[in-house]
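Novice: Let me begin by handing over the structure; questions about it come next.
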4 protein chains.
Amino acid sequence: MSGPDYAAVLEEICAQVLAEPATGEVADYIPPLAQVDPDQFAMCVQTLDGERFMVGDVATRFSVQSVTKVFTAAMVLSHKDIMLWERVGVEPSGSPFNSLIQLELEQGIPRNPFINAGAIVVADALCGLYDDPKAAILEFVHELGADVSVDYDHEVAHAERDTGFTNLALANYLRAHGNLEHEVDRVLDVYFHQCSIAMDAKCLAGSFGFLANDGTLPIPNGRQILRPEQCRRLNALMLTCGFYDQAGEFAYQVGLPGKSGVGGGIAAVVPGELSLAVWSPRLNEHGNSARGVSALEKFVAMTGHSIF
Amino acid sequence: MSGPDYAAVLEEICAQVLAEPATGEVADYIPPLAQVDPDQFAMCVQTLDGERFMVGDVATRFSVQSVTKVFTAAMVLSHKDIMLWERVGVEPSGSPFNSLIQLELEQGIPRNPFINAGAIVVADALCGLYDDPKAAILEFVHELGADVSVDYDHEVAHAERDTGFTNLALANYLRAHGNLEHEVDRVLDVYFHQCSIAMDAKCLAGSFGFLANDGTLPIPNGRQILRPEQCRRLNALMLTCGFYDQAGEFAYQVGLPGKSGVGGGIAAVVPGELSLAVWSPRLNEHGNSARGVSALEKFVAMTGHSIF
Amino acid sequence: MSGPDYAAVLEEICAQVLAEPATGEVADYIPPLAQVDPDQFAMCVQTLDGERFMVGDVATRFSVQSVTKVFTAAMVLSHKDIMLWERVGVEPSGSPFNSLIQLELEQGIPRNPFINAGAIVVADALCGLYDDPKAAILEFVHELGADVSVDYDHEVAHAERDTGFTNLALANYLRAHGNLEHEVDRVLDVYFHQCSIAMDAKCLAGSFGFLANDGTLPIPNGRQILRPEQCRRLNALMLTCGFYDQAGEFAYQVGLPGKSGVGGGIAAVVPGELSLAVWSPRLNEHGNSARGVSALEKFVAMTGHSIF
Amino acid sequence: MSGPDYAAVLEEICAQVLAEPATGEVADYIPPLAQVDPDQFAMCVQTLDGERFMVGDVATRFSVQSVTKVFTAAMVLSHKDIMLWERVGVEPSGSPFNSLIQLELEQGIPRNPFINAGAIVVADALCGLYDDPKAAILEFVHELGADVSVDYDHEVAHAERDTGFTNLALANYLRAHGNLEHEVDRVLDVYFHQCSIAMDAKCLAGSFGFLANDGTLPIPNGRQILRPEQCRRLNALMLTCGFYDQAGEFAYQVGLPGKSGVGGGIAAVVPGELSLAVWSPRLNEHGNSARGVSALEKFVAMTGHSIF
């Protein structure tokens, strides 16, 4: 076989990463996240021809959090009549993920769909597209990940709602600028649930397959989710905006389109080749998984995969 | 031949672009730029196996301006002992190219080497590396572009100096924060000359060849300028930061690493395949060539080249 | 008589102001304010020895809005154990009255009690001091204005609540930063009602008497509300922060401590001499009554009253 | 005796201030300031009827620095044809004294004449009014302070020039925005010299007499420098903008118009009564004299002088 020996690569990465000192802390703004065992690690690679390679705690579910912003953005983009880009930009934010400053300076237009304000606008768009947007999101994720047992973690969703004052501030501010069409509480109910989706690394890797495959779910499914140019553009957005205020550094160090979440998960793609997921709960100072970023750097160095 | 018919593609792009209404104005902050015939257009593609395809005013020299920030960054990075990234960041700026705000908020560390402040720090580093940095830059560009007749346009350089109050402000502010080691006047003399380099589209396309070739000048030259991982990282930086505050949109619409200049030139790469340049002096509201951006969108759509 | 002939001064001001072209528009963010006859004008001066001079529509009640921020700040300051200044600053904001930017940059500490965020913190403090803060505010205003018929305008309060998304954003953001102790809805109910208080110019002028009298209600009442140094400091705050982002210009043009509201009312004091109120609904671009500011400039010029 | 016993008040303040622990450091950005004995203290009160009260090191000259911004603003305002307020605002800055951010956000119009950028515009205006602006400033200060021996400290002026990169940045940025009419070097030569003026506390107190006297030099001089309304407005500006980003707190704690400098001097006025100066080199975190602010608080508390 001519390509990299992914099984060996993953074993090696896992050994190296676990040998490094554990740094960073788990997200602690809500109890269900704070209680996660911080030293878990999982990594999964799924190639477009259907092979799967895994290492670590790949069957443990975790809160995928902001990674779901890619799913909801893709859902909205798959509806051809939605003018999402009139309501959300495509520029990196240069600021922490929940910044009100940029929202005020740019009069209620979030910089991109991967900061919280942008994802709230996306959730608002879903409220206009579906009678039951929470059911629709779950159905969509079931198909992407080929796992119908994926579900909301209602304890997480309720904890997010009870402490989500910054998101309430963002949503109300969007409403004040006319960039929220539905009731704040309804939109945030969708948003908080979306963030609470729990998946394991195996399923998460699979769910990004269509983004490595020009927008079409890899075989055996084969359904087209996005047109190729839409898929490429979503990948470009992930590269420039997928890692909060570390997006530039991630592009620089790793060079793959991806999206991280405060639950410690990261999903990424090598276009035309594979999708992958890594999970480890300790976060660096930018809110991205410390071991996850390290593992992806090693993966790129070992396999030579890079889009550049 | 299995690849795209670049000659036909370029003819078609040229025809389409010239048929579109001319929008935008040429840069007019200095007379030598203001006097350029606004409706010129040139495009050149150079593949890694040495083929060259051209259309339009490909032998007319123009001021490549900020495109040279890629050359000087590469020069500094090619010296392995230089700790450039302690003095300049790798994050998109989210602000216009000459913003003092970010420099103040981030205490004298420019966000990346492609905004003016960052390029001034790079010029300062060159002053430490070379006795005659202006001669060294020219020598480097001669090798990259395989054209020893490329030269500074002293009229442009002097006009930049006489009106460059914002750059004087930036350089002095960097000095105030201890991020400039040499005299402001000496560093800016290098910077203003660097911006004044005049090349034609043919030479500019060729000069980006090493960035499409993992850091090594394409045959027949074959010299390694950067290590592969350095090259990939410079490409990542171009993708996230190469188009002022339109970087996200360019990544989204075009999806190729590239760099633009206010002279109306844009150079870009398809890693592993080719480098290309396009030139047309009218600028859009972000300071990027209006027809240049349009031509690159068409090129990507017609050839399917994309890194995503 | 040694002092100015206030009756003549007010007549002259009224004549001059009404002869000037009407500029600006009434506040229209809620219907009850939008429907006010824009060309009304009233002015009332009340000296510390009990004389009262009036001109115009002095018996017409209007929504005093942000002027009430002075009343609630005085209420909180009159409780000696409250550490208000740990939660709210005393610096001018240099930004529009509802800015989220400064709140984010300064991590949830509003710059002063007269911007919306600061007044919401004050309302939160009142929720800790009183079982029924709305009744307490009304009782306090009744005593200050010597008019027990002053009441909330519930139509205005409800309209504020229904459209107050920016204030909801501010309150939630304060809560996110731990600078709101009570439920957002409870605090904003107090705040929206406070803004809705309707008074006439005569009563408003009287209600500022204690601020011209070193903190003690003028005879015949005579009760001490604030200690003299507290009163002086509240006056200093009004001078530096009482007019949104026009505070410096108002200090410069008028030179009296005062507070304005978007209902078109302004109350001010000449320490040791008198308090006064002016009302006219059309607002200038800073949200202050256009004719009100003009009338106060004339008053100062004609009487020589100035603190400087 | 009807007024306060100023001699006793000053003795008491001096005793109290010197008994307090010394906090803060002297300005150390240039050697001549860094070498000043940090524990010196002087205070001087001069009443409008010509009495003078002093305590401490009142005959020691110090660098009055930014206090001179009041002198140069008064000089420009005394020329009735100068439209200074089209080039400089009258609003508090809400930011440190040398902020480039506000200058960029407000496109080259400094917020007020007491921040560095504003004072540089004032110096530029003086370059248009006088052939030898440095001689003119000195002549003006000689008259205000009734002391023809006051002079520039050329060692300080040269040190300011050699390290004044932030001011060079500001001046170049003003030039870039068309808000500087003369050469940067010429304007900054005036500005750096103005900052270097050395006076003792006695002379400084006297030099603010006209600002306590409605714009006219107290007897025996009697010359009108500013019209009364101009004087009141300059006092209003000092109150709202005279203490960098501590202006609101100073207005709140002290309540007198005044201006501070990083040499540790503060001058202030009680309109209609007196002018005063205090000097002590240790600075608080806002760049204002720590003991100076404390002494002024005590002065106001002991004498009851306040404009509010």
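So you can find residues: chains in the structure tokens are A, B, ... in the order shown, residues in each start at 1, and ligands are numbered from 1 in order.
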Could you pull the residues within 9 Å of B:Ile13, counting only C-alpha atoms, minus those fewer than 5 positions along the same chain, as a count of residues only?
Specialist: 7
Novice: Determine which residues of chain D sit within 10 Å of chain C, taking into account only C-alpha atoms, and present them as an MDAnalysis selection string.
Specialist: chainID D and resid 89:95 102 111:112 211:214 228:241 245:257 269:272 300:301 304 306:308
Novice: Write out as a PyMOL selection string which residues come within 12 Å of C:Ile219 when counting only C-alpha atoms, dropping same-chain ones fewer than 5 positions away.
Specialist: chain C and resi 46-51+144+146+206+209-210+213+224
Novice: Write the residues of the preceding selection, restricted to N, CA, C and O atoms, as a PDB file, in the first residue's frame.
Specialist:
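As a result, part23.pdb now contains:
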```pdb
ATOM      1  N   GLN C  46     -35.957  77.114  39.837  1.00  0.00           N
ATOM      2  CA  GLN C  46     -36.393  77.200  41.235  1.00  0.00           C
ATOM      3  C   GLN C  46     -35.189  77.558  42.107  1.00  0.00           C
ATOM      4  O   GLN C  46     -34.225  76.801  42.190  1.00  0.00           O
ATOM      5  N   THR C  47     -35.267  78.715  42.753  1.00  0.00           N
ATOM      6  CA  THR C  47     -34.127  79.157  43.569  1.00  0.00           C
ATOM      7  C   THR C  47     -34.175  78.467  44.928  1.00  0.00           C
ATOM      8  O   THR C  47     -35.202  77.935  45.349  1.00  0.00           O
ATOM      9  N   LEU C  48     -33.039  78.482  45.602  1.00  0.00           N
ATOM     10  CA  LEU C  48     -32.965  77.795  46.898  1.00  0.00           C
ATOM     11  C   LEU C  48     -33.792  78.487  47.964  1.00  0.00           C
ATOM     12  O   LEU C  48     -34.151  77.858  48.965  1.00  0.00           O
ATOM     13  N   ASP C  49     -34.124  79.758  47.753  1.00  0.00           N
ATOM     14  CA  ASP C  49     -35.005  80.396  48.740  1.00  0.00           C
ATOM     15  C   ASP C  49     -36.470  80.283  48.348  1.00  0.00           C
ATOM     16  O   ASP C  49     -37.321  80.984  48.892  1.00  0.00           O
ATOM     17  N   GLY C  50     -36.756  79.404  47.413  1.00  0.00           N
ATOM     18  CA  GLY C  50     -38.150  79.019  47.208  1.00  0.00           C
ATOM     19  C   GLY C  50     -38.909  79.731  46.108  1.00  0.00           C
ATOM     20  O   GLY C  50     -40.075  79.435  45.857  1.00  0.00           O
ATOM     21  N   GLU C  51     -38.236  80.603  45.395  1.00  0.00           N
ATOM     22  CA  GLU C  51     -38.942  81.254  44.284  1.00  0.00           C
ATOM     23  C   GLU C  51     -38.942  80.351  43.057  1.00  0.00           C
ATOM     24  O   GLU C  51     -38.002  79.594  42.831  1.00  0.00           O
ATOM     25  N   LEU C 144     -38.625  64.306  46.612  1.00  0.00           N
ATOM     26  CA  LEU C 144     -37.723  65.256  45.929  1.00  0.00           C
ATOM     27  C   LEU C 144     -38.511  66.329  45.194  1.00  0.00           C
ATOM     28  O   LEU C 144     -38.174  67.509  45.252  1.00  0.00           O
ATOM     29  N   ALA C 146     -41.720  67.045  45.588  1.00  0.00           N
ATOM     30  CA  ALA C 146     -42.829  67.590  46.368  1.00  0.00           C
ATOM     31  C   ALA C 146     -44.136  67.455  45.589  1.00  0.00           C
ATOM     32  O   ALA C 146     -44.932  68.392  45.499  1.00  0.00           O
ATOM     33  N   GLY C 206     -37.753  71.236  40.604  1.00  0.00           N
ATOM     34  CA  GLY C 206     -37.758  71.130  42.060  1.00  0.00           C
ATOM     35  C   GLY C 206     -37.021  69.901  42.561  1.00  0.00           C
ATOM     36  O   GLY C 206     -36.318  69.948  43.580  1.00  0.00           O
ATOM     37  N   GLY C 209     -33.431  70.233  43.469  1.00  0.00           N
ATOM     38  CA  GLY C 209     -33.067  71.255  44.459  1.00  0.00           C
ATOM     39  C   GLY C 209     -32.000  70.787  45.441  1.00  0.00           C
ATOM     40  O   GLY C 209     -31.062  71.527  45.759  1.00  0.00           O
ATOM     41  N   PHE C 210     -32.116  69.544  45.902  1.00  0.00           N
ATOM     42  CA  PHE C 210     -31.131  69.083  46.910  1.00  0.00           C
ATOM     43  C   PHE C 210     -29.708  69.051  46.357  1.00  0.00           C
ATOM     44  O   PHE C 210     -28.742  69.167  47.114  1.00  0.00           O
ATOM     45  N   ASN C 213     -28.155  72.277  46.784  1.00  0.00           N
ATOM     46  CA  ASN C 213     -28.185  72.681  48.201  1.00  0.00           C
ATOM     47  C   ASN C 213     -27.319  71.745  49.055  1.00  0.00           C
ATOM     48  O   ASN C 213     -27.678  71.427  50.180  1.00  0.00           O
ATOM     49  N   GLN C 224     -31.878  65.928  54.962  1.00  0.00           N
ATOM     50  CA  GLN C 224     -30.603  65.682  54.279  1.00  0.00           C
ATOM     51  C   GLN C 224     -30.674  64.350  53.520  1.00  0.00           C
ATOM     52  O   GLN C 224     -30.903  63.300  54.115  1.00  0.00           O
TER      53      GLN C 224
END
```
Novice: From the DSSP assignment of the backbone, select every residue of stretch 20-106 of chain A that is strand (DSSP E or B), and format the answer as an NGL selection string.
Specialist: :A and (25 or 42-47 or 52-56 or 62-63)
Novice: Tell me, as a list in words, which residues lie within 9 Å of C:Gln35, counting only C-alpha atoms; anything in the same chain fewer than 5 positions away does not count.
Specialist: Val26, Asp28 and Ile30 of chain C
Novice: Would you list the contacts of C:Leu129 as a PyMOL selection string, taking every protein, DNA or RNA residue within 12 Å and counting only C-alpha atoms, but skipping same-chain residues closer than 2 positions in sequence?
Specialist: chain C and resi 72+75-82+122-127+131-134+136-137+181-182
Novice: I'd like the neighbourhood of B:Leu105 as a list in words, where a residue qualifies if any of its atoms comes within 10 Å (using only C-alpha atoms), though same-chain residues fewer than 4 positions away should be ignored.
Specialist: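 What passes the distance filter is Leu100, Ile101, Ile109 and Pro110 of chain B; Ser99, Leu100 and Ile101 of chain D.
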Novice: Report, in Å to a single decimal, how far apart atom CA of A:Arg161 and atom CA of A:Gly178 are.
Specialist: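 Those two atoms sit 22.5 Å apart.
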Novice: Leaving out stretch 197-203 of chain D and any residue of its chain fewer than 3 positions from it, which residues lie within 8 Å of it when counting only C-alpha atoms, given as a PyMOL selection string?
Specialist: chain D and resi 42-45+54+57-65+68+145-147+150-153+193-194+206-207+265+277-279
Novice: Could you check how far atom CA of B:Thr166 sits from atom CA of D:Glu160, in Å to one decimal?
Specialist: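 Computing the Euclidean distance for atom CA of B:Thr166 and atom CA of D:Glu160 yields 21.3 Å.
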Novice: According to DSSP computed on the backbone, where in stretch 2-138 of chain B is there helix (DSSP H, G or I)? Give the residues as number ranges by chain.
Specialist: B: 6-19, 31-34, 65-77, 84-86, 100-105, 116-129, 133-138
Novice: Smallest atom-to-atom distance to B:Glu183: which of B:Gly128, B:Pro38, B:Pro31, B:Gly264, using only C-alpha atoms?
Specialist: B:Gly128
Novice: To one decimal in Å, tell me the separation between atom CA of C:Ile225 and atom CA of C:His142.
Specialist: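 Atom CA of C:His142 lies 13.4 Å from atom CA of C:Ile225.
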Novice: Taking only C-alpha atoms into account, which of D:Leu138, D:Ala74, D:Val293, D:Leu33 comes nearest D:Ser260?
Specialist: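 For D:Ser260, the nearest of the candidates is D:Val293.
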